[in-house]
$ cat target22.cif   # mmCIF, C-alpha atoms
data_final
#
loop_
_atom_site.label_atom_id
_atom_site.label_comp_id
_atom_site.auth_asym_id
_atom_site.auth_seq_id
_atom_site.Cartn_x
_atom_site.Cartn_y
_atom_site.Cartn_z
CA MET A 1 109.00 77.12 120.90
CA ASP A 2 111.20 75.01 123.12
CA LEU A 3 114.92 74.84 122.44
CA THR A 4 115.93 71.20 122.30
CA TYR A 5 119.56 70.15 122.37
CA GLU A 6 119.39 69.28 118.66
CA LYS A 7 117.99 72.70 117.74
CA ILE A 8 120.63 74.51 119.79
CA GLU A 9 123.32 72.41 118.11
CA LYS A 10 121.94 73.27 114.64
CA LEU A 11 121.99 77.00 115.46
CA GLN A 12 125.60 76.72 116.64
CA GLU A 13 126.49 75.01 113.33
CA PHE A 14 125.04 78.01 111.51
CA ASP A 15 127.09 80.40 113.62
CA PHE A 16 130.24 78.51 112.62
CA LEU A 17 129.33 78.51 108.89
CA LEU A 18 128.42 82.20 108.91
CA GLU A 19 131.67 83.26 110.56
CA LYS A 20 133.44 82.27 107.36
CA SER A 21 131.00 83.96 104.97
CA MET A 22 130.55 87.44 103.60
CA LEU A 23 127.39 88.68 101.93
CA PRO A 24 127.60 91.06 98.97
CA THR A 25 126.90 94.75 99.41
CA ASN A 26 123.49 95.77 98.16
CA SER A 27 121.54 98.97 97.57
CA ASP A 28 118.22 97.49 96.38
CA ARG A 29 116.21 98.02 99.57
CA LYS A 30 116.37 101.78 100.07
CA ASN A 31 113.61 101.63 102.71
CA ILE A 32 115.93 99.92 105.21
CA LEU A 33 118.92 102.26 104.78
CA ARG A 34 119.78 104.68 107.57
CA ASN A 35 120.45 108.35 106.77
CA GLY A 36 123.67 108.65 104.82
CA ASP A 37 124.00 104.92 104.14
CA ARG A 38 124.06 103.86 100.52
CA ARG A 39 124.58 100.11 100.89
CA TYR A 40 124.21 97.22 103.32
CA ARG A 41 125.41 93.63 103.33
CA GLY A 42 122.49 91.45 102.34
CA VAL A 43 120.87 89.35 99.68
CA ALA A 44 117.38 88.03 98.90
CA VAL A 45 117.26 84.42 97.74
CA GLY A 46 114.11 82.88 96.32
CA PHE A 47 111.54 84.92 94.44
CA VAL A 48 111.79 88.71 94.16
CA ARG A 49 109.69 91.46 92.60
CA SER A 50 111.33 92.82 89.46
CA ARG A 51 111.05 96.59 89.09
CA ARG A 52 112.21 96.26 85.48
CA GLU A 53 109.35 93.90 84.65
CA GLY A 54 106.42 95.67 86.27
CA HIS A 55 106.92 94.14 89.73
CA LYS A 56 106.49 90.65 88.32
CA LEU A 57 107.53 87.87 90.70
CA LEU A 58 110.66 86.14 89.37
CA PRO A 59 113.40 83.84 90.72
CA SER A 60 116.26 85.92 92.14
CA ARG A 61 119.52 85.89 90.23
CA HIS A 62 121.13 84.24 93.26
CA LEU A 63 119.19 81.01 92.67
CA SER A 64 121.76 80.20 89.98
CA LYS A 65 124.69 80.34 92.42
CA PRO A 66 125.50 77.14 94.32
CA LYS A 67 126.53 78.88 97.56
CA TYR A 68 123.17 80.68 97.78
CA ILE A 69 121.21 77.59 96.82
CA GLU A 70 122.93 75.74 99.67
CA LEU A 71 122.32 78.63 102.08
CA PHE A 72 118.64 78.75 101.08
CA LYS A 73 118.23 74.99 101.57
CA LYS A 74 119.94 74.98 104.98
CA THR A 75 117.96 77.95 106.24
CA ALA A 76 114.70 76.43 104.97
CA GLU A 77 115.48 73.25 106.93
CA LEU A 78 116.27 75.35 109.99
CA LEU A 79 112.89 77.09 109.88
CA TRP A 80 110.93 73.95 109.04
CA ASP A 81 112.39 72.31 112.16
CA TRP A 82 110.48 75.05 114.04
CA ASP A 83 107.39 75.42 111.88
CA SER A 84 107.01 72.75 109.23
CA LYS A 85 103.86 74.32 107.76
CA PHE A 86 105.17 77.85 107.18
CA PHE A 87 105.10 78.88 103.51
CA PHE A 88 107.65 81.35 102.19
CA THR A 89 108.95 82.33 98.77
CA THR A 90 112.07 84.21 99.85
CA VAL A 91 114.75 84.47 102.51
CA GLN A 92 116.42 87.83 103.09
CA PHE A 93 119.92 87.42 104.53
CA ASN A 94 121.36 90.46 106.33
CA GLN A 95 124.84 90.86 107.77
CA ASN A 96 125.85 93.42 110.41
CA TYR A 97 123.34 96.10 109.53
CA VAL A 98 121.07 98.21 111.73
CA CYS A 99 117.96 98.51 109.57
CA ALA A 100 115.99 101.76 109.66
CA LYS A 101 112.31 101.85 110.64
CA HIS A 102 110.30 100.43 107.75
CA ARG A 103 107.48 98.16 106.63
CA ASP A 104 107.90 95.42 104.04
CA ARG A 105 105.12 96.57 101.73
CA ASN A 106 105.41 93.69 99.25
CA ASN A 107 105.25 90.91 101.84
CA VAL A 108 102.07 88.86 102.10
CA GLY A 109 101.11 87.69 105.60
CA ASP A 110 103.45 86.79 108.43
CA SER A 111 107.23 86.55 108.31
CA TYR A 112 109.73 84.79 110.53
CA ILE A 113 113.02 86.34 111.61
CA ILE A 114 115.97 84.93 113.53
CA GLY A 115 119.28 86.52 114.52
CA LEU A 116 122.46 84.47 114.56
CA GLY A 117 126.09 85.20 115.35
CA SER A 118 127.91 86.44 118.41
CA TYR A 119 126.38 89.79 119.32
CA THR A 120 124.72 91.77 122.08
CA GLY A 121 121.78 94.12 121.57
CA GLY A 122 120.31 93.99 118.06
CA GLU A 123 116.75 93.36 119.17
CA LEU A 124 113.94 93.66 116.65
CA LEU A 125 111.95 96.79 117.50
CA VAL A 126 108.29 96.33 116.51
CA PHE A 127 105.93 99.30 116.49
CA TRP A 128 102.62 97.58 117.28
CA ASP A 129 100.77 100.85 118.01
CA GLY A 130 101.97 102.96 115.08
CA LYS A 131 105.35 104.21 113.94
CA ASP A 132 105.39 107.17 116.33
CA ASN A 133 104.67 105.17 119.50
CA PRO A 134 107.29 103.31 121.56
CA PRO A 135 108.27 99.92 120.11
CA GLU A 136 108.44 96.52 121.76
CA LYS A 137 111.98 95.09 121.96
CA VAL A 138 111.97 91.49 120.76
CA ASP A 139 115.01 89.32 121.43
CA ILE A 140 115.67 87.36 118.22
CA ASN A 141 119.19 86.25 119.17
CA HIS A 142 119.04 82.55 118.25
CA LYS A 143 115.24 82.71 118.49
CA PHE A 144 112.57 82.66 115.83
CA PHE A 145 109.94 85.39 115.96
CA LYS A 146 106.83 85.56 113.77
CA PHE A 147 105.13 88.86 112.88
CA ASN A 148 103.62 90.74 109.96
CA GLY A 149 106.34 93.03 108.61
CA ALA A 150 104.03 94.51 105.99
CA GLU A 151 101.56 95.66 108.63
CA TYR A 152 103.87 96.78 111.44
CA TYR A 153 106.83 99.15 111.29
CA HIS A 154 110.02 97.60 112.59
CA GLU A 155 113.73 98.33 112.84
CA THR A 156 116.94 97.03 114.39
CA ALA A 157 118.26 98.15 117.78
CA PRO A 158 121.99 98.98 117.89
CA PHE A 159 124.27 96.01 118.53
CA GLU A 160 127.89 95.02 119.07
CA GLY A 161 129.50 91.97 117.49
CA THR A 162 128.69 89.92 114.42
CA ARG A 163 124.97 89.75 113.67
CA TRP A 164 123.19 87.90 110.88
CA THR A 165 119.46 87.85 110.34
CA PHE A 166 117.39 85.51 108.21
CA VAL A 167 113.94 86.82 107.31
CA TYR A 168 111.54 84.30 105.77
CA PHE A 169 108.59 85.80 103.92
CA ASN A 170 106.02 85.30 101.19
CA LEU A 171 105.74 87.62 98.18
CA MET A 172 103.20 85.55 96.27
CA LYS A 173 99.78 87.12 95.74
CA GLU A 174 96.74 85.36 94.29
CA THR A 175 97.34 87.08 90.94
CA ASP A 176 100.94 85.85 90.60
CA GLU A 177 101.74 83.01 88.26
CA ILE A 178 104.95 81.37 89.40
CA ASP A 179 106.36 77.88 89.42
CA ILE A 180 106.89 77.30 93.12
CA ASN A 181 108.51 73.95 92.23
CA ILE A 182 111.64 75.93 91.42
CA LEU A 183 112.20 76.24 95.17
CA LYS A 184 111.07 72.71 96.00
CA ASN A 185 113.53 71.25 93.48
CA LEU A 186 116.64 73.05 94.71
#
$ encode --input "target22.cif" --output "C-alpha cells"
Amino acid sequence: MDLTYEKIEKLQEFDFLLEKSMLPTNSDRKNILRNGDRRYRGVAVGFVRSRREGHKLLPSRHLSKPKYIELFKKTAELLWDWDSKFFFTTVQFNQNYVCAKHRDRNNVGDSYIIGLGSYTGGELLVFWDGKDNPPEKVDINHKFFKFNGAEYYHETAPFEGTRWTFVYFNLMKETDEIDINILKNL
C-alpha cells in the first residue's frame, strides 16, 4: 500500500507515543520465548482464549484499563486506514523482543503485523516452505504485512534499537459465542 504523507505522519505520532510507554512483562506465550527466556514485554488486548475456562474466548483483562483501551482504539484506527475491511478480535503488542520460531495455532485466517520505533534489523522471518527451509525476510519497519501466522512458521530477526510490533489477528471460530460489540463500543 502506498505511504501517503498523512499515513507517514500517523506512524511518526505512534513512535512518539510509544517512546514514553512500557509494556508489562508477560510469560503467557511460551511458544515465542527463546531458550532460557522466561518473560517478554507484551500484552494481548481484545479477546483471548482462557486456559482456565476450556479455551473459551473471553475479553482480555486489559480491556478494563483505560491506557490499553486507548492503545487498542488508536491501533485499530491505524490498521483501518490501511485496510478498512480487515476483521480482528485481538491486537498483540510486543516491545523489544526477538520472538522464537513459532506458529500462532489459535489464530483464524490472516493477520497483519507492523513494526514501529527506531530500530534496524528486526525483519519478520516467514518460513513459507516449512520450518526447516530458509525463511523470507520481510521488512515490517513502519510497514504493514499480511500473512497467515497459524499456517506459516515465523520469527523475529535480531535488531538494534527500540522495536514495537502490533499484530492484529482473529481468534473467533464459528463455534464461539462472543459479543463482538464489546470491541465496537470501546
$ residues_around --input "target22.cif" --residues "region 176-180 of chain A" --least-positions-apart "6" --cutoff "9 Å" --atoms "all atoms listed in the file" --output "list in words"
Lys56, Leu57, Leu58, Pro59 and Thr89 of chain A
$ residues_around --input "target22.cif" --residues "Phe159 (chain A)" --least-positions-apart "2" --cutoff "9 Å" --atoms "only C-alpha atoms" --output "list of chain:residue names"
A:Asn96, A:Val98, A:Tyr119, A:Thr120, A:Gly121, A:Gly122, A:Glu123, A:Thr156, A:Ala157, A:Gly161, A:Thr162, A:Arg163
$ residues_near_point --input "target22.cif" --point "(100.4, 92.2, 108.2)" --cutoff "9 Å" --atoms "all atoms listed in the file" --output "JSON, numbers by chain"
{"A": [107, 108, 109, 110, 111, 147, 148, 149, 150, 151, 152]}
$ atom_distance --input "target22.cif" --atom1 "CA of Leu63 (chain A)" --atom2 "CA of Val48 (chain A)"
10.8 Å
$ resolve_selection --input "target22.cif" --expression "the PyMOL selection byres ((chain A and resi 141) around 10)" --output "compact mmCIF listing (two decimals) with C-alpha atoms, in the coordinates of the input"
# COMPACT_ATOMS: atom_id res chain seq x y z
CA ILE A 113 113.02 86.34 111.61
CA ILE A 114 115.97 84.93 113.53
CA GLY A 115 119.28 86.52 114.52
CA LEU A 116 122.46 84.47 114.56
CA GLY A 117 126.09 85.20 115.35
CA SER A 118 127.91 86.44 118.41
CA TYR A 119 126.38 89.79 119.32
CA THR A 120 124.72 91.77 122.08
CA GLY A 121 121.78 94.12 121.57
CA GLY A 122 120.31 93.99 118.06
CA GLU A 123 116.75 93.36 119.17
CA LEU A 124 113.94 93.66 116.65
CA VAL A 138 111.97 91.49 120.76
CA ASP A 139 115.01 89.32 121.43
CA ILE A 140 115.67 87.36 118.22
CA HIS A 142 119.04 82.55 118.25
CA LYS A 143 115.24 82.71 118.49
CA PHE A 144 112.57 82.66 115.83
CA PHE A 145 109.94 85.39 115.96
CA ARG A 163 124.97 89.75 113.67
CA TRP A 164 123.19 87.90 110.88
CA THR A 165 119.46 87.85 110.34
$ closest_residue --input "target22.cif" --among "A:Glu174, A:Gln92, A:Arg61, A:Asp37" --to "Asp104 (chain A)" --atoms "all atoms listed in the file"
A:Gln92
$ closest_residue --input "target22.cif" --among "A:Asp132, A:Asp28, A:Glu160, A:Glu70" --to "Arg51 (chain A)" --atoms "all atoms listed in the file"
A:Asp28
$ atom_distance --input "target22.cif" --atom1 "CA of Gly42 (chain A)" --atom2 "CA of Lys146 (chain A)"
20.3 Å
$ closest_residue --input "target22.cif" --among "A:Gln95, A:Asp129, A:Tyr168, A:Thr175" --to "Asp83 (chain A)" --atoms "only C-alpha atoms"
A:Tyr168
$ residues_around --input "target22.cif" --residues "Ile69 (chain A)" --least-positions-apart "2" --cutoff "12 Å" --atoms "only C-alpha atoms" --output "MDAnalysis selection string"
chainID A and resid 44:46 59:67 71:76 90:91 182:186
$ atom_distance --input "target22.cif" --atom1 "CA of Phe166 (chain A)" --atom2 "CA of Arg52 (chain A)"
25.7 Å
$ axis_aligned_box --input "target22.cif" --around "region 65-74 of chain A" --padding-each-side "3 Å" --output "AutoDock Vina command-line options"
--center_x 122.4 --center_y 77.8 --center_z 98.7 --size_x 14.3 --size_y 11.7 --size_z 18.6
$ closest_residue --input "target22.cif" --among "A:Arg38, A:Asp81, A:Pro24, A:Leu33" --to "Glu155 (chain A)" --atoms "all atoms listed in the file"
A:Leu33
$ resolve_selection --input "target22.cif" --expression "the PyMOL selection byres ((chain A and resi 31) around 12)" --output "PyMOL selection string"
chain A and resi 27-30+32-35+37-40+99-106+153-155
$ build_atoms --input "target22.cif" --residues "region 107-118 of chain A" --atoms "all heavy atoms" --output "PDB file, keeping the file's coordinate frame"
ATOM      1  N   ASN A 107     105.450  92.203 101.173  1.00  0.00           N
ATOM      2  CA  ASN A 107     105.250  90.910 101.840  1.00  0.00           C
ATOM      3  C   ASN A 107     103.770  90.609 101.986  1.00  0.00           C
ATOM      4  O   ASN A 107     102.955  91.513 102.153  1.00  0.00           O
ATOM      5  CB  ASN A 107     105.894  90.899 103.217  1.00  0.00           C
ATOM      6  CG  ASN A 107     107.403  90.939 103.156  1.00  0.00           C
ATOM      7  OD1 ASN A 107     107.991  91.205 102.116  1.00  0.00           O
ATOM      8  ND2 ASN A 107     108.041  90.708 104.276  1.00  0.00           N
ATOM      9  N   VAL A 108     103.444  89.324 101.941  1.00  0.00           N
ATOM     10  CA  VAL A 108     102.070  88.860 102.100  1.00  0.00           C
ATOM     11  C   VAL A 108     102.018  88.004 103.362  1.00  0.00           C
ATOM     12  O   VAL A 108     102.657  86.966 103.442  1.00  0.00           O
ATOM     13  CB  VAL A 108     101.614  88.038 100.873  1.00  0.00           C
ATOM     14  CG1 VAL A 108     100.210  87.503 101.073  1.00  0.00           C
ATOM     15  CG2 VAL A 108     101.716  88.862  99.594  1.00  0.00           C
ATOM     16  N   GLY A 109     101.265  88.466 104.367  1.00  0.00           N
ATOM     17  CA  GLY A 109     101.110  87.690 105.600  1.00  0.00           C
ATOM     18  C   GLY A 109     102.302  87.787 106.515  1.00  0.00           C
ATOM     19  O   GLY A 109     103.120  88.706 106.429  1.00  0.00           O
ATOM     20  N   ASP A 110     102.405  86.795 107.410  1.00  0.00           N
ATOM     21  CA  ASP A 110     103.450  86.790 108.430  1.00  0.00           C
ATOM     22  C   ASP A 110     104.820  86.440 107.859  1.00  0.00           C
ATOM     23  O   ASP A 110     104.932  85.774 106.823  1.00  0.00           O
ATOM     24  CB  ASP A 110     103.120  85.773 109.522  1.00  0.00           C
ATOM     25  CG  ASP A 110     102.000  86.248 110.430  1.00  0.00           C
ATOM     26  OD1 ASP A 110     101.765  87.471 110.508  1.00  0.00           O
ATOM     27  OD2 ASP A 110     101.348  85.389 111.056  1.00  0.00           O
ATOM     28  N   SER A 111     105.838  86.882 108.585  1.00  0.00           N
ATOM     29  CA  SER A 111     107.230  86.550 108.310  1.00  0.00           C
ATOM     30  C   SER A 111     107.836  85.971 109.577  1.00  0.00           C
ATOM     31  O   SER A 111     107.343  86.208 110.676  1.00  0.00           O
ATOM     32  CB  SER A 111     108.024  87.818 107.949  1.00  0.00           C
ATOM     33  OG  SER A 111     107.490  88.468 106.848  1.00  0.00           O
ATOM     34  N   TYR A 112     108.910  85.230 109.400  1.00  0.00           N
ATOM     35  CA  TYR A 112     109.730  84.790 110.530  1.00  0.00           C
ATOM     36  C   TYR A 112     111.077  85.489 110.415  1.00  0.00           C
ATOM     37  O   TYR A 112     111.589  85.694 109.310  1.00  0.00           O
ATOM     38  CB  TYR A 112     109.993  83.283 110.477  1.00  0.00           C
ATOM     39  CG  TYR A 112     109.045  82.433 111.263  1.00  0.00           C
ATOM     40  CD1 TYR A 112     108.068  81.681 110.615  1.00  0.00           C
ATOM     41  CD2 TYR A 112     109.134  82.338 112.648  1.00  0.00           C
ATOM     42  CE1 TYR A 112     107.204  80.871 111.325  1.00  0.00           C
ATOM     43  CE2 TYR A 112     108.269  81.521 113.362  1.00  0.00           C
ATOM     44  CZ  TYR A 112     107.317  80.799 112.708  1.00  0.00           C
ATOM     45  OH  TYR A 112     106.466  80.002 113.415  1.00  0.00           O
ATOM     46  N   ILE A 113     111.663  85.808 111.571  1.00  0.00           N
ATOM     47  CA  ILE A 113     113.020  86.340 111.610  1.00  0.00           C
ATOM     48  C   ILE A 113     113.773  85.632 112.723  1.00  0.00           C
ATOM     49  O   ILE A 113     113.187  85.253 113.744  1.00  0.00           O
ATOM     50  CB  ILE A 113     113.026  87.872 111.824  1.00  0.00           C
ATOM     51  CG1 ILE A 113     114.457  88.430 111.750  1.00  0.00           C
ATOM     52  CG2 ILE A 113     112.332  88.257 113.122  1.00  0.00           C
ATOM     53  CD1 ILE A 113     114.534  89.952 111.725  1.00  0.00           C
ATOM     54  N   ILE A 114     115.080  85.456 112.510  1.00  0.00           N
ATOM     55  CA  ILE A 114     115.970  84.930 113.530  1.00  0.00           C
ATOM     56  C   ILE A 114     117.303  85.636 113.393  1.00  0.00           C
ATOM     57  O   ILE A 114     117.723  85.964 112.274  1.00  0.00           O
ATOM     58  CB  ILE A 114     116.148  83.389 113.424  1.00  0.00           C
ATOM     59  CG1 ILE A 114     116.934  82.850 114.621  1.00  0.00           C
ATOM     60  CG2 ILE A 114     116.778  82.984 112.092  1.00  0.00           C
ATOM     61  CD1 ILE A 114     116.962  81.329 114.721  1.00  0.00           C
ATOM     62  N   GLY A 115     117.943  85.933 114.519  1.00  0.00           N
ATOM     63  CA  GLY A 115     119.280  86.520 114.520  1.00  0.00           C
ATOM     64  C   GLY A 115     120.283  85.461 114.941  1.00  0.00           C
ATOM     65  O   GLY A 115     120.049  84.716 115.884  1.00  0.00           O
ATOM     66  N   LEU A 116     121.393  85.414 114.229  1.00  0.00           N
ATOM     67  CA  LEU A 116     122.460  84.470 114.560  1.00  0.00           C
ATOM     68  C   LEU A 116     123.774  85.227 114.636  1.00  0.00           C
ATOM     69  O   LEU A 116     123.885  86.353 114.164  1.00  0.00           O
ATOM     70  CB  LEU A 116     122.546  83.356 113.517  1.00  0.00           C
ATOM     71  CG  LEU A 116     121.332  82.450 113.387  1.00  0.00           C
ATOM     72  CD1 LEU A 116     121.527  81.453 112.250  1.00  0.00           C
ATOM     73  CD2 LEU A 116     121.066  81.711 114.684  1.00  0.00           C
ATOM     74  N   GLY A 117     124.777  84.586 115.201  1.00  0.00           N
ATOM     75  CA  GLY A 117     126.090  85.200 115.350  1.00  0.00           C
ATOM     76  C   GLY A 117     126.378  85.445 116.820  1.00  0.00           C
ATOM     77  O   GLY A 117     125.615  85.069 117.701  1.00  0.00           O
ATOM     78  N   SER A 118     127.481  86.119 117.055  1.00  0.00           N
ATOM     79  CA  SER A 118     127.910  86.440 118.410  1.00  0.00           C
ATOM     80  C   SER A 118     127.770  87.947 118.596  1.00  0.00           C
ATOM     81  O   SER A 118     128.643  88.716 118.195  1.00  0.00           O
ATOM     82  CB  SER A 118     129.358  85.990 118.609  1.00  0.00           C
ATOM     83  OG  SER A 118     129.788  86.321 119.898  1.00  0.00           O
TER      84      SER A 118
END
